[in-house]
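Chemist: Here you go, start_35.cif (mmCIF, C-alpha atoms):
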```cif
data_query
loop_
_atom_site.label_atom_id
_atom_site.label_comp_id
_atom_site.auth_asym_id
_atom_site.auth_seq_id
_atom_site.Cartn_x
_atom_site.Cartn_y
_atom_site.Cartn_z
CA MET A 8 -36.48 24.16 31.08
CA ASP A 9 -38.75 27.07 30.23
CA ASP A 10 -40.24 27.41 33.70
CA ARG A 11 -40.50 30.82 35.33
CA GLN A 12 -38.83 29.50 38.46
CA ALA A 13 -35.04 29.38 38.12
CA GLU A 14 -34.86 26.52 40.63
CA VAL A 15 -37.08 24.38 38.41
CA VAL A 16 -34.97 25.13 35.33
CA GLU A 17 -31.73 24.31 37.17
CA ALA A 18 -33.16 21.00 38.37
CA ALA A 19 -34.53 20.06 34.95
CA VAL A 20 -31.14 20.10 33.23
CA PRO A 21 -29.42 17.37 35.32
CA ALA A 22 -32.64 15.38 35.31
CA PHE A 23 -32.64 15.39 31.51
CA GLU A 24 -28.93 14.49 31.46
CA ALA A 25 -29.62 11.49 33.69
CA PHE A 26 -32.53 10.43 31.50
CA VAL A 27 -30.43 10.43 28.32
CA LYS A 28 -27.60 8.55 30.03
CA SER A 29 -30.07 5.84 31.04
CA ILE A 30 -30.77 5.00 27.40
CA GLU A 31 -28.58 2.58 25.49
CA LYS A 32 -26.52 4.24 22.76
CA ASP A 33 -28.11 2.09 20.05
CA ASP A 34 -31.56 3.19 21.17
CA LEU A 35 -30.99 6.96 21.20
CA ASP A 36 -32.51 7.45 17.75
CA SER A 37 -35.80 6.04 19.06
CA ILE A 38 -36.48 9.18 21.13
CA VAL A 39 -35.44 11.83 18.61
CA VAL A 40 -38.97 12.40 17.26
CA THR A 41 -40.30 13.00 20.78
CA LEU A 42 -37.31 15.22 21.57
CA ARG A 43 -37.87 17.35 18.50
CA ARG A 44 -41.57 17.83 19.21
CA THR A 45 -40.72 18.77 22.79
CA ILE A 46 -38.14 21.34 21.66
CA GLU A 47 -40.59 22.74 19.10
CA SER A 48 -43.32 23.17 21.71
CA THR A 49 -40.97 24.75 24.25
CA GLY A 50 -40.61 28.51 24.00
CA ALA A 51 -40.92 30.08 20.57
CA PRO A 52 -38.62 30.89 17.63
CA GLY A 53 -36.55 33.95 18.46
CA ARG A 54 -37.07 33.64 22.23
CA THR A 55 -34.39 31.76 24.11
CA VAL A 56 -35.34 28.99 26.52
CA PRO A 57 -33.47 29.51 29.82
CA GLY A 58 -32.72 25.83 30.30
CA PHE A 59 -31.15 25.50 26.85
CA ASN A 60 -28.49 28.04 27.86
CA ILE A 61 -27.36 26.04 30.90
CA LYS A 62 -24.29 23.84 30.55
CA GLY A 63 -25.27 20.23 30.03
CA SER A 64 -28.61 20.91 28.40
CA VAL A 65 -27.81 21.02 24.67
CA SER A 66 -24.86 18.66 25.16
CA SER A 67 -27.32 16.00 26.35
CA MET A 68 -29.42 16.48 23.23
CA VAL A 69 -26.50 16.21 20.80
CA PRO A 70 -26.08 12.41 20.88
CA VAL A 71 -29.83 11.90 20.47
CA ILE A 72 -30.09 14.27 17.52
CA VAL A 73 -26.94 13.03 15.81
CA ALA A 74 -28.06 9.41 16.23
CA GLY A 75 -31.42 10.23 14.69
CA LEU A 76 -29.80 12.12 11.83
CA THR A 77 -27.15 9.54 10.95
CA THR A 78 -28.68 6.15 11.81
CA GLY A 79 -32.43 6.72 12.14
CA ASN A 80 -35.21 5.95 9.70
CA ASN A 81 -36.48 8.67 7.35
CA GLU A 82 -38.89 10.18 9.89
CA GLN A 83 -36.19 10.23 12.56
CA ARG A 84 -33.67 11.85 10.20
CA GLU A 85 -36.19 14.53 9.22
CA GLN A 86 -37.18 15.34 12.79
CA ALA A 87 -33.54 15.34 13.93
CA ALA A 88 -32.69 17.92 11.28
CA TYR A 89 -35.63 20.12 12.28
CA ALA A 90 -34.62 19.77 15.94
CA ILE A 91 -31.30 21.46 15.17
CA GLY A 92 -33.05 24.42 13.59
CA ASP A 93 -35.45 24.64 16.53
CA LEU A 94 -32.56 24.68 18.98
CA VAL A 95 -30.74 27.40 17.03
CA GLU A 96 -33.84 29.59 17.24
CA ARG A 97 -34.21 29.05 21.00
CA THR A 98 -30.66 29.03 22.35
CA GLU A 99 -28.21 31.87 22.98
CA GLU A 100 -25.37 31.95 20.49
CA ILE A 101 -22.64 31.57 23.11
CA ALA A 102 -24.36 28.51 24.60
CA LEU A 103 -24.79 26.91 21.17
CA LYS A 104 -21.27 27.58 19.88
CA PRO A 105 -19.63 24.34 21.16
CA TYR A 106 -22.19 22.23 19.29
CA VAL A 107 -22.13 23.90 15.87
CA VAL A 108 -19.53 21.51 14.45
CA PRO A 109 -21.16 18.34 15.90
CA PHE A 110 -24.42 19.41 14.27
CA THR A 111 -23.23 20.91 10.97
CA GLY A 112 -20.90 18.08 9.99
CA PRO A 113 -23.58 15.35 10.09
CA LEU A 114 -26.11 17.63 8.37
CA ILE A 115 -23.76 18.15 5.43
CA ARG A 116 -22.77 14.47 5.30
CA VAL A 117 -26.38 13.36 5.11
CA ALA A 118 -27.16 16.12 2.60
CA THR A 119 -24.42 14.89 0.26
CA GLN A 120 -26.06 11.44 0.31
CA ALA A 121 -29.45 13.02 -0.36
CA THR A 122 -30.28 10.81 -3.36
CA ALA A 123 -30.92 8.01 -0.87
CA PHE A 124 -33.51 9.99 1.09
CA PRO A 125 -37.03 11.29 0.38
CA PRO A 126 -37.72 15.01 -0.15
CA GLY A 127 -38.89 15.53 3.44
CA VAL A 128 -35.46 14.66 4.81
CA LYS A 129 -33.68 16.85 2.26
CA VAL A 130 -35.93 19.85 2.94
CA ALA A 131 -35.47 19.52 6.70
CA ILE A 132 -31.67 19.49 6.32
CA LEU A 133 -31.62 22.46 3.95
CA LYS A 134 -33.96 24.51 6.13
CA SER A 135 -31.95 23.82 9.28
CA LEU A 136 -28.70 24.78 7.55
CA GLY A 137 -30.44 27.95 6.38
CA THR A 138 -31.55 28.68 9.94
CA MET A 139 -27.98 28.31 11.15
CA LEU A 140 -26.78 30.72 8.46
CA GLU A 141 -29.44 33.24 9.48
CA HIS A 142 -28.77 33.08 13.22
CA ILE A 143 -25.14 31.99 13.74
CA PRO A 144 -23.29 32.61 10.44
CA THR A 145 -19.93 33.31 12.08
CA HIS A 146 -19.80 29.86 13.66
CA VAL A 147 -20.77 28.12 10.42
CA LYS A 148 -18.10 29.97 8.41
CA PRO A 149 -15.66 27.02 8.18
CA PHE A 150 -18.35 25.11 6.28
CA PHE A 151 -19.14 27.84 3.71
CA PRO A 152 -17.46 26.11 0.71
CA GLN A 153 -19.20 22.79 1.42
CA LEU A 154 -22.52 24.53 1.99
CA SER A 155 -22.27 26.38 -1.31
CA ARG A 156 -21.67 23.16 -3.23
CA THR A 157 -24.49 21.41 -1.37
CA PHE A 158 -27.02 24.18 -2.04
CA VAL A 159 -26.14 24.59 -5.72
CA LYS A 160 -26.39 20.84 -6.28
CA SER A 161 -29.74 20.71 -4.46
CA CYS A 162 -31.10 23.51 -6.68
CA SER A 163 -30.99 20.95 -9.51
CA ASP A 164 -32.66 18.17 -7.50
CA SER A 165 -35.16 16.55 -9.86
CA SER A 166 -37.21 14.88 -7.13
CA SER A 167 -38.95 17.84 -5.55
CA LEU A 168 -39.74 21.53 -6.04
CA ALA A 169 -39.74 21.95 -2.24
CA VAL A 170 -36.13 20.72 -2.11
CA ARG A 171 -35.04 23.10 -4.86
CA ASN A 172 -36.81 26.09 -3.30
CA ALA A 173 -35.32 25.35 0.14
CA ALA A 174 -31.86 25.12 -1.45
CA ALA A 175 -32.35 28.42 -3.31
CA LYS A 176 -33.40 30.21 -0.14
CA SER A 177 -30.50 28.75 1.85
CA LEU A 178 -28.07 29.75 -0.90
CA GLY A 179 -29.34 33.31 -0.53
CA ALA A 180 -28.79 33.14 3.24
CA LEU A 181 -25.25 31.88 2.63
CA THR A 182 -24.56 34.70 0.18
CA LYS A 183 -25.66 37.25 2.76
CA SER A 184 -22.86 36.04 5.05
CA ASN A 185 -20.28 35.06 2.44
CA GLN A 186 -19.53 37.68 -0.23
CA THR A 187 -16.60 35.80 -1.80
CA ARG A 188 -16.67 34.14 -5.23
CA ILE A 189 -20.01 35.78 -6.04
CA ASP A 190 -19.17 36.19 -9.74
CA ALA A 191 -18.21 32.53 -10.05
CA LEU A 192 -21.46 31.55 -8.37
CA VAL A 193 -23.53 33.81 -10.64
CA THR A 194 -21.79 32.38 -13.71
CA GLU A 195 -22.41 28.82 -12.53
CA LEU A 196 -26.11 29.42 -11.85
CA ILE A 197 -26.68 31.15 -15.19
CA GLY A 198 -24.80 28.49 -17.13
CA THR A 199 -26.55 25.60 -15.39
CA ALA A 200 -29.98 27.18 -15.86
CA GLN A 201 -29.40 27.84 -19.55
CA ALA A 202 -28.08 24.32 -20.12
CA SER A 203 -30.92 22.61 -18.29
CA GLU A 204 -33.43 20.75 -20.43
CA ASP A 205 -35.93 20.75 -17.55
CA ASP A 206 -37.70 24.12 -17.31
CA ALA A 207 -38.74 23.43 -13.70
CA ILE A 208 -35.12 22.94 -12.62
CA ALA A 209 -34.05 25.98 -14.62
CA ALA A 210 -36.75 27.97 -12.78
CA SER A 211 -35.29 26.99 -9.40
CA LEU A 212 -31.80 27.93 -10.54
CA VAL A 213 -33.08 31.34 -11.65
CA LEU A 214 -34.76 31.79 -8.27
CA ALA A 215 -31.46 30.93 -6.56
CA LEU A 216 -29.72 33.45 -8.81
CA ALA A 217 -32.24 36.10 -7.76
CA TYR A 218 -31.59 35.42 -4.06
CA VAL A 219 -27.82 35.59 -4.63
CA VAL A 220 -28.03 38.89 -6.50
CA ARG A 221 -30.41 40.38 -3.92
CA HIS A 222 -27.99 39.71 -1.07
CA ALA A 223 -24.74 40.45 -2.91
CA ILE A 224 -25.54 43.09 -5.52
CA THR A 225 -22.96 45.51 -4.11
CA THR A 226 -20.16 42.96 -4.54
CA THR A 227 -21.33 41.55 -7.88
CA SER A 228 -19.21 42.70 -10.83
CA ALA A 229 -20.62 44.76 -13.69
CA SER A 230 -20.13 41.87 -16.12
CA SER A 231 -22.10 39.49 -13.88
CA LYS A 232 -24.92 42.00 -13.54
CA GLU A 233 -24.98 42.46 -17.31
CA ALA A 234 -25.18 38.68 -17.75
CA CYS A 235 -28.22 38.59 -15.46
CA ILE A 236 -29.94 41.40 -17.37
CA SER A 237 -29.16 39.71 -20.68
CA MET A 238 -30.73 36.51 -19.38
CA LEU A 239 -33.78 38.48 -18.26
CA GLU A 240 -34.15 40.12 -21.67
CA SER A 241 -33.84 36.74 -23.39
CA ALA A 242 -36.75 35.41 -21.35
CA PHE A 243 -39.09 37.77 -23.20
CA ARG A 244 -38.12 36.13 -26.51
CA GLU A 245 -38.10 32.51 -25.37
CA ARG A 246 -40.89 30.08 -24.48
CA HIS A 247 -40.92 29.09 -20.81
CA ASP A 248 -43.35 27.75 -18.23
CA GLU A 249 -44.82 30.13 -15.69
CA PRO A 250 -42.57 29.06 -12.74
CA TYR A 251 -39.51 30.05 -14.78
CA LEU A 252 -41.07 33.44 -15.51
CA HIS A 253 -41.85 33.91 -11.80
CA GLY A 254 -38.16 33.30 -11.14
CA MET A 255 -37.25 35.92 -13.73
CA ALA A 256 -39.67 38.40 -12.15
CA THR A 257 -37.96 37.79 -8.80
CA LEU A 258 -34.59 38.38 -10.49
CA PHE A 259 -35.93 41.71 -11.81
CA THR A 260 -36.87 42.89 -8.29
CA SER A 261 -33.48 41.81 -6.92
CA PHE A 262 -31.98 44.67 -8.94
CA GLU A 263 -33.95 47.27 -6.97
CA PRO A 264 -30.71 48.81 -5.57
CA SER A 265 -29.47 49.30 -9.16
CA PRO A 266 -32.52 50.54 -11.08
CA GLU A 267 -30.41 52.06 -13.83
CA LEU A 268 -29.64 48.52 -15.02
CA LEU A 269 -33.35 47.87 -15.52
CA GLN A 270 -34.03 50.87 -17.76
CA GLY A 271 -33.77 48.91 -21.00
CA VAL A 272 -36.09 46.13 -19.82
CA VAL A 273 -38.64 48.62 -18.52
CA ARG A 274 -38.64 50.73 -21.68
CA SER A 275 -39.03 47.70 -23.95
CA HIS A 276 -41.50 45.60 -21.96
CA ILE A 277 -43.06 47.25 -18.89
CA LEU A 278 -44.38 50.63 -20.04
CA GLN A 279 -47.65 51.57 -21.70
CA GLY A 280 -47.80 50.52 -25.34
CA THR A 281 -45.16 47.76 -25.11
CA PRO A 282 -46.15 44.26 -26.30
CA PRO A 283 -48.25 42.34 -23.75
CA SER A 284 -46.60 39.27 -22.23
CA VAL A 285 -46.88 36.94 -19.27
CA LEU A 286 -43.47 38.02 -18.04
CA SER A 287 -44.28 41.74 -18.11
CA SER A 288 -47.41 41.15 -16.01
CA LEU A 289 -45.50 39.00 -13.54
CA ILE A 290 -42.67 41.53 -13.25
CA ILE A 291 -45.15 44.29 -12.39
CA LEU A 292 -46.88 42.05 -9.82
CA HIS A 293 -43.61 41.03 -8.17
CA ALA A 294 -42.36 44.62 -8.16
CA VAL A 295 -45.54 45.89 -6.47
CA GLU A 296 -45.28 43.14 -3.88
CA ASP A 297 -41.53 42.99 -3.23
CA ALA A 298 -40.14 46.36 -4.40
CA PRO A 299 -43.04 48.85 -4.33
CA LYS A 300 -40.80 51.92 -4.56
CA LEU A 301 -38.90 50.71 -7.62
CA PHE A 302 -41.10 52.24 -10.31
CA TYR A 303 -41.24 55.49 -8.35
CA THR A 304 -37.44 55.56 -8.30
CA MET A 305 -37.49 55.04 -12.06
CA ASN A 306 -40.09 57.81 -12.57
CA CYS A 307 -42.41 55.62 -14.63
CA VAL A 308 -45.40 54.91 -12.37
CA PRO A 309 -48.19 56.40 -14.58
CA SER A 310 -46.99 54.46 -17.62
CA VAL A 311 -46.73 51.22 -15.62
CA LEU A 312 -50.28 51.73 -14.29
CA ARG A 313 -51.60 52.15 -17.83
CA LYS A 314 -49.69 49.03 -18.83
CA ILE A 315 -51.62 47.19 -16.11
CA VAL A 316 -54.89 48.42 -17.54
CA GLU A 317 -53.83 47.28 -21.03
CA SER A 318 -52.80 43.84 -19.74
CA ILE A 319 -56.07 43.35 -17.83
CA GLY A 320 -57.85 43.71 -21.18
CA GLU A 321 -55.87 40.88 -22.77
CA SER A 322 -57.72 37.65 -23.57
CA VAL A 323 -54.84 35.44 -22.36
CA PRO A 324 -55.50 34.61 -18.67
CA ALA A 325 -51.78 34.22 -17.90
CA ILE A 326 -51.35 37.88 -18.88
CA SER A 327 -54.55 39.38 -17.47
CA ARG A 328 -54.65 37.50 -14.15
CA PRO A 329 -51.37 38.80 -12.63
CA ALA A 330 -52.23 42.27 -13.95
CA ARG A 331 -55.53 42.19 -12.04
CA GLU A 332 -53.71 40.93 -8.94
CA ALA A 333 -51.24 43.81 -9.24
CA LYS A 334 -54.08 46.32 -9.55
CA GLU A 335 -55.78 45.02 -6.41
CA LEU A 336 -52.50 44.91 -4.48
CA ILE A 337 -51.68 48.48 -5.49
CA ARG A 338 -54.85 49.74 -3.79
CA THR A 339 -53.46 48.73 -0.36
CA THR A 340 -49.69 48.99 -0.87
CA PRO A 341 -47.74 52.20 -0.08
CA PRO A 342 -46.69 54.36 -1.77
CA PHE A 343 -49.24 53.47 -4.48
CA CYS A 344 -52.27 53.65 -2.18
CA ASP A 345 -51.30 57.19 -1.14
CA ASP A 346 -50.83 58.39 -4.73
CA ASP A 347 -53.72 60.34 -6.27
CA SER A 348 -52.54 59.43 -9.78
CA VAL A 349 -53.39 55.79 -9.10
CA LEU A 350 -57.04 56.66 -8.50
CA ALA A 351 -57.05 58.88 -11.59
CA ILE A 352 -55.84 56.04 -13.81
CA PHE A 353 -57.63 53.10 -12.20
CA GLY A 354 -60.81 54.92 -11.24
CA THR A 355 -62.94 53.65 -8.35
#
```
Translate this file's structure into structure tokens.
Modeler:
Amino acid sequence: MDDRQAEVVEAAVPAFEAFVKSIEKDDLDSIVVTLRRTIESTGAPGRTVPGFNIKGSVSSMVPVIVAGLTTGNNEQREQAAYAIGDLVERTEEIALKPYVVPFTGPLIRVATQATAFPPGVKVAILKSLGTMLEHIPTHVKPFFPQLSRTFVKSCSDSSSLAVRNAAAKSLGALTKSNQTRIDALVTELIGTAQASEDDAIAASLVLALAYVVRHAITTTSASSKEACISMLESAFRERHDEPYLHGMATLFTSFEPSPELLQGVVRSHILQGTPPSVLSSLIILHAVEDAPKLFYTMNCVPSVLRKIVESIGESVPAISRPAREAKELIRTTPPFCDDDSVLAIFGT
């Protein structure tokens, strides 16, 4: 279906249709793993496969994929979910539109029964739903409320960090396309994170919050933003594991479009002479990596650079290590690497 000759592509589609029809309905799930690997190795993400855009092509794959997703074993369910994402990345939107509902419905149904499945299946479902939100959000719109509930619930999944991270990322993708009820979502994520007795789960909820704020900061109310900043400030006073602090550092960088809200945090914790902490070092590292212009916008670069030097001298590895990483990253990251003041403070 990806042949350069149009005649070959046109002949391949009915041949594949005939092949699928020759298989008993109860046996369709047995070929889903092979189908997924074939789709994955055909074309490339972001480049459409000509045969996939021809009528009859994707429609022949639907029963195989749905059978694998709903009745297959764990490997078949996982590969069926990934097959949907692969198709979305390789098929024109107009050709895929008729099959969005047949795919999305089963994905959500299986996701809501996720306690019965291993992390691999859950991650595959969440990633494929995220891919659909990235590439065809308009066609997935009827499922937005269900997707939101599914992603938020999965952010608290105790079985796997990979599941929680995939859910957080997909929730961010959903927020990019759906700017309604943002304040309610922010409130729910903050409340659930603060109430969690598991710091690892709280960390994933904070990461999800950061993704939501990053994609919806212009539609987030002032009170919700203040609640996020208050939570960030509290993290400097509380004891948390490093993953939670990484989530908080990501939340800090998500406020790049509204640097005025970060002034208090920066003055109290990020500038030269402020108390050393793991979180301050991580915030600087994340800012250099994900929002390199932020400290320039806030007119505090020299003081932040001296804070890095101070933190590198600390005896606590969790403080000094990210500070050293930030220093090395600064040497190759614009606009820092083009700034003579960096060399003056860091030396050779």
Chemist: Please determine the residues with any atom at most 9 Å from (-38.9, 23.9, 32.6) (coordinates as given in the file, with only C-alpha atoms counting) and report them as an MDAnalysis selection string.
Modeler: chainID A and resid 8:13 15:20 49 56:58
Chemist: Using only C-alpha atoms, what does the table of segment 195-309 of chain A residues within 9 Å of segment 319-327 of chain A look like, with each row giving the shortest atom pair and its distance in Å to one decimal, sorted by chain and ascending number, as a tab-separated table?
Modeler:
```
residue	atom	partner	partner_atom	distance
A:Glu249	CA	A:Ala325	CA	8.4
A:Pro283	CA	A:Ile326	CA	7.3
A:Ser284	CA	A:Ile326	CA	6.0
A:Val285	CA	A:Ile326	CA	4.6
A:Leu286	CA	A:Ile326	CA	7.9
A:Ser287	CA	A:Ile326	CA	8.1
A:Ser288	CA	A:Ile326	CA	5.9
A:Leu289	CA	A:Ile326	CA	8.0
```
Chemist: Hey, which of A:Leu212, A:Ala118, A:Leu312, A:Ala333 ends up closest to Val349 of chain A? Count only C-alpha atoms.
Modeler: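 Smallest separation from Val349 of chain A among the options: A:Leu312.
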Chemist: Out of A:Ile352, A:Ile197, A:Val73, A:Ala22, which residue has the shortest atom-to-atom distance to Ala87 of chain A when counting only C-alpha atoms?
Modeler: A:Val73
Chemist: Which of these residues is nearest to Asp297 of chain A, using only C-alpha atoms: A:Ala223, A:Gly280, A:Glu267, A:Ser261?
Modeler: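 Closest residue, counting only C-alpha atoms: A:Ser261.
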Chemist: I need the residue set behind the PyMOL selection byres ((chain A and resi 74-83) around 12) for this file; please write it as a PDB file with C-alpha atoms, keeping the file's coordinate frame.
Modeler:
```pdb
ATOM      1  CA  GLU A  31     -28.580   2.580  25.490  1.00  0.00           C
ATOM      2  CA  LYS A  32     -26.520   4.240  22.760  1.00  0.00           C
ATOM      3  CA  ASP A  33     -28.110   2.090  20.050  1.00  0.00           C
ATOM      4  CA  ASP A  34     -31.560   3.190  21.170  1.00  0.00           C
ATOM      5  CA  LEU A  35     -30.990   6.960  21.200  1.00  0.00           C
ATOM      6  CA  ASP A  36     -32.510   7.450  17.750  1.00  0.00           C
ATOM      7  CA  SER A  37     -35.800   6.040  19.060  1.00  0.00           C
ATOM      8  CA  ILE A  38     -36.480   9.180  21.130  1.00  0.00           C
ATOM      9  CA  VAL A  39     -35.440  11.830  18.610  1.00  0.00           C
ATOM     10  CA  VAL A  40     -38.970  12.400  17.260  1.00  0.00           C
ATOM     11  CA  THR A  41     -40.300  13.000  20.780  1.00  0.00           C
ATOM     12  CA  LEU A  42     -37.310  15.220  21.570  1.00  0.00           C
ATOM     13  CA  ARG A  43     -37.870  17.350  18.500  1.00  0.00           C
ATOM     14  CA  ARG A  44     -41.570  17.830  19.210  1.00  0.00           C
ATOM     15  CA  MET A  68     -29.420  16.480  23.230  1.00  0.00           C
ATOM     16  CA  VAL A  69     -26.500  16.210  20.800  1.00  0.00           C
ATOM     17  CA  PRO A  70     -26.080  12.410  20.880  1.00  0.00           C
ATOM     18  CA  VAL A  71     -29.830  11.900  20.470  1.00  0.00           C
ATOM     19  CA  ILE A  72     -30.090  14.270  17.520  1.00  0.00           C
ATOM     20  CA  VAL A  73     -26.940  13.030  15.810  1.00  0.00           C
ATOM     21  CA  ARG A  84     -33.670  11.850  10.200  1.00  0.00           C
ATOM     22  CA  GLU A  85     -36.190  14.530   9.220  1.00  0.00           C
ATOM     23  CA  GLN A  86     -37.180  15.340  12.790  1.00  0.00           C
ATOM     24  CA  ALA A  87     -33.540  15.340  13.930  1.00  0.00           C
ATOM     25  CA  ALA A  88     -32.690  17.920  11.280  1.00  0.00           C
ATOM     26  CA  TYR A  89     -35.630  20.120  12.280  1.00  0.00           C
ATOM     27  CA  ALA A  90     -34.620  19.770  15.940  1.00  0.00           C
ATOM     28  CA  ILE A  91     -31.300  21.460  15.170  1.00  0.00           C
ATOM     29  CA  PRO A 109     -21.160  18.340  15.900  1.00  0.00           C
ATOM     30  CA  PHE A 110     -24.420  19.410  14.270  1.00  0.00           C
ATOM     31  CA  THR A 111     -23.230  20.910  10.970  1.00  0.00           C
ATOM     32  CA  GLY A 112     -20.900  18.080   9.990  1.00  0.00           C
ATOM     33  CA  PRO A 113     -23.580  15.350  10.090  1.00  0.00           C
ATOM     34  CA  LEU A 114     -26.110  17.630   8.370  1.00  0.00           C
ATOM     35  CA  ILE A 115     -23.760  18.150   5.430  1.00  0.00           C
ATOM     36  CA  ARG A 116     -22.770  14.470   5.300  1.00  0.00           C
ATOM     37  CA  VAL A 117     -26.380  13.360   5.110  1.00  0.00           C
ATOM     38  CA  ALA A 118     -27.160  16.120   2.600  1.00  0.00           C
ATOM     39  CA  GLN A 120     -26.060  11.440   0.310  1.00  0.00           C
ATOM     40  CA  ALA A 121     -29.450  13.020  -0.360  1.00  0.00           C
ATOM     41  CA  ALA A 123     -30.920   8.010  -0.870  1.00  0.00           C
ATOM     42  CA  PHE A 124     -33.510   9.990   1.090  1.00  0.00           C
ATOM     43  CA  PRO A 125     -37.030  11.290   0.380  1.00  0.00           C
ATOM     44  CA  PRO A 126     -37.720  15.010  -0.150  1.00  0.00           C
ATOM     45  CA  GLY A 127     -38.890  15.530   3.440  1.00  0.00           C
ATOM     46  CA  VAL A 128     -35.460  14.660   4.810  1.00  0.00           C
ATOM     47  CA  LYS A 129     -33.680  16.850   2.260  1.00  0.00           C
ATOM     48  CA  ALA A 131     -35.470  19.520   6.700  1.00  0.00           C
ATOM     49  CA  ILE A 132     -31.670  19.490   6.320  1.00  0.00           C
TER      50      ILE A 132
END
```
Chemist: Choose the residue, out of A:Pro250, A:Gly53, A:Gly198, A:Pro149, that has the smallest atom-to-atom separation from Ser211 of chain A; count only C-alpha atoms.
Modeler: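 Looking only at the distances to Ser211 of chain A, the closest residue turns out to be A:Pro250.
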Chemist: Atom CA of Ser230 of chain A and atom CA of Ile291 of chain A are how many Å apart?
Modeler: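 The value is 25.4 Å.
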Chemist: Check which residues satisfy the PyMOL selection byres ((chain A and resi 159-169) around 9) in the file shown, then give them as a VMD selection string.
Modeler: chain A and resid 118 121 to 122 125 to 127 129 to 130 133 154 to 158 170 to 175 178 192 195 to 196 199 to 200 203 205 207 to 209 211 to 212 215
Chemist: Interatomic distance between atom CA of Val308 of chain A and atom CA of Pro341 of chain A?
Modeler: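 Interatomic distance, atom CA of Val308 of chain A to atom CA of Pro341 of chain A: 12.8 Å.
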Chemist: Can you tell me which residues surround Phe59 of chain A at a distance of at most 9 Å, considering only C-alpha atoms, apart from same-chain residues fewer than 6 positions away, and format the answer as JSON, numbers by chain?
Modeler: {"A": [8, 9, 20, 65, 94, 97, 98, 99, 102, 103]}
Chemist: Here's the selection I'm unsure about, the PyMOL selection byres ((chain A and resi 243) around 10); applied to the file above, which residues does it give, as a PyMOL selection string?
Modeler: chain A and resi 238-242+244-247+252+255+272+275-276+284-287
Chemist: Select, from A:Thr138, A:Arg274, A:Pro152, A:Glu335, the residue with the minimum atom-to-atom distance to Phe353 of chain A, counting all atoms listed in the file.
Modeler: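 Under the stated criterion, the closest residue is A:Glu335.
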Chemist: Quick check, in Å to one decimal: how far apart do atom CA of Val107 of chain A and atom CA of Asp93 of chain A lie?
Modeler: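 Computed distance, atom CA of Val107 of chain A to atom CA of Asp93 of chain A, equals 13.4 Å.
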Chemist: Can you find the residues with an atom no farther than 12 Å from (-17.6, 40.0, -14.2), counting only C-alpha atoms, and report them as a tab-separated table (two decimals) with C-alpha atoms, keeping the file's coordinate frame?
Modeler:
```tsv
chain	number	residue	atom	x	y	z
A	188	ARG	CA	-16.67	34.14	-5.23
A	189	ILE	CA	-20.01	35.78	-6.04
A	190	ASP	CA	-19.17	36.19	-9.74
A	191	ALA	CA	-18.21	32.53	-10.05
A	192	LEU	CA	-21.46	31.55	-8.37
A	193	VAL	CA	-23.53	33.81	-10.64
A	194	THR	CA	-21.79	32.38	-13.71
A	226	THR	CA	-20.16	42.96	-4.54
A	227	THR	CA	-21.33	41.55	-7.88
A	228	SER	CA	-19.21	42.70	-10.83
A	229	ALA	CA	-20.62	44.76	-13.69
A	230	SER	CA	-20.13	41.87	-16.12
A	231	SER	CA	-22.10	39.49	-13.88
A	232	LYS	CA	-24.92	42.00	-13.54
A	233	GLU	CA	-24.98	42.46	-17.31
A	234	ALA	CA	-25.18	38.68	-17.75
A	235	CYS	CA	-28.22	38.59	-15.46
```
Chemist: Residues within 10 Å of Val295 of chain A, please, as a ChimeraX atom specification. Count only C-alpha atoms; anything in the same chain fewer than 4 positions from it doesn't count.
Modeler: /A:260,289-291,299-302,332-334,336-337,340-343
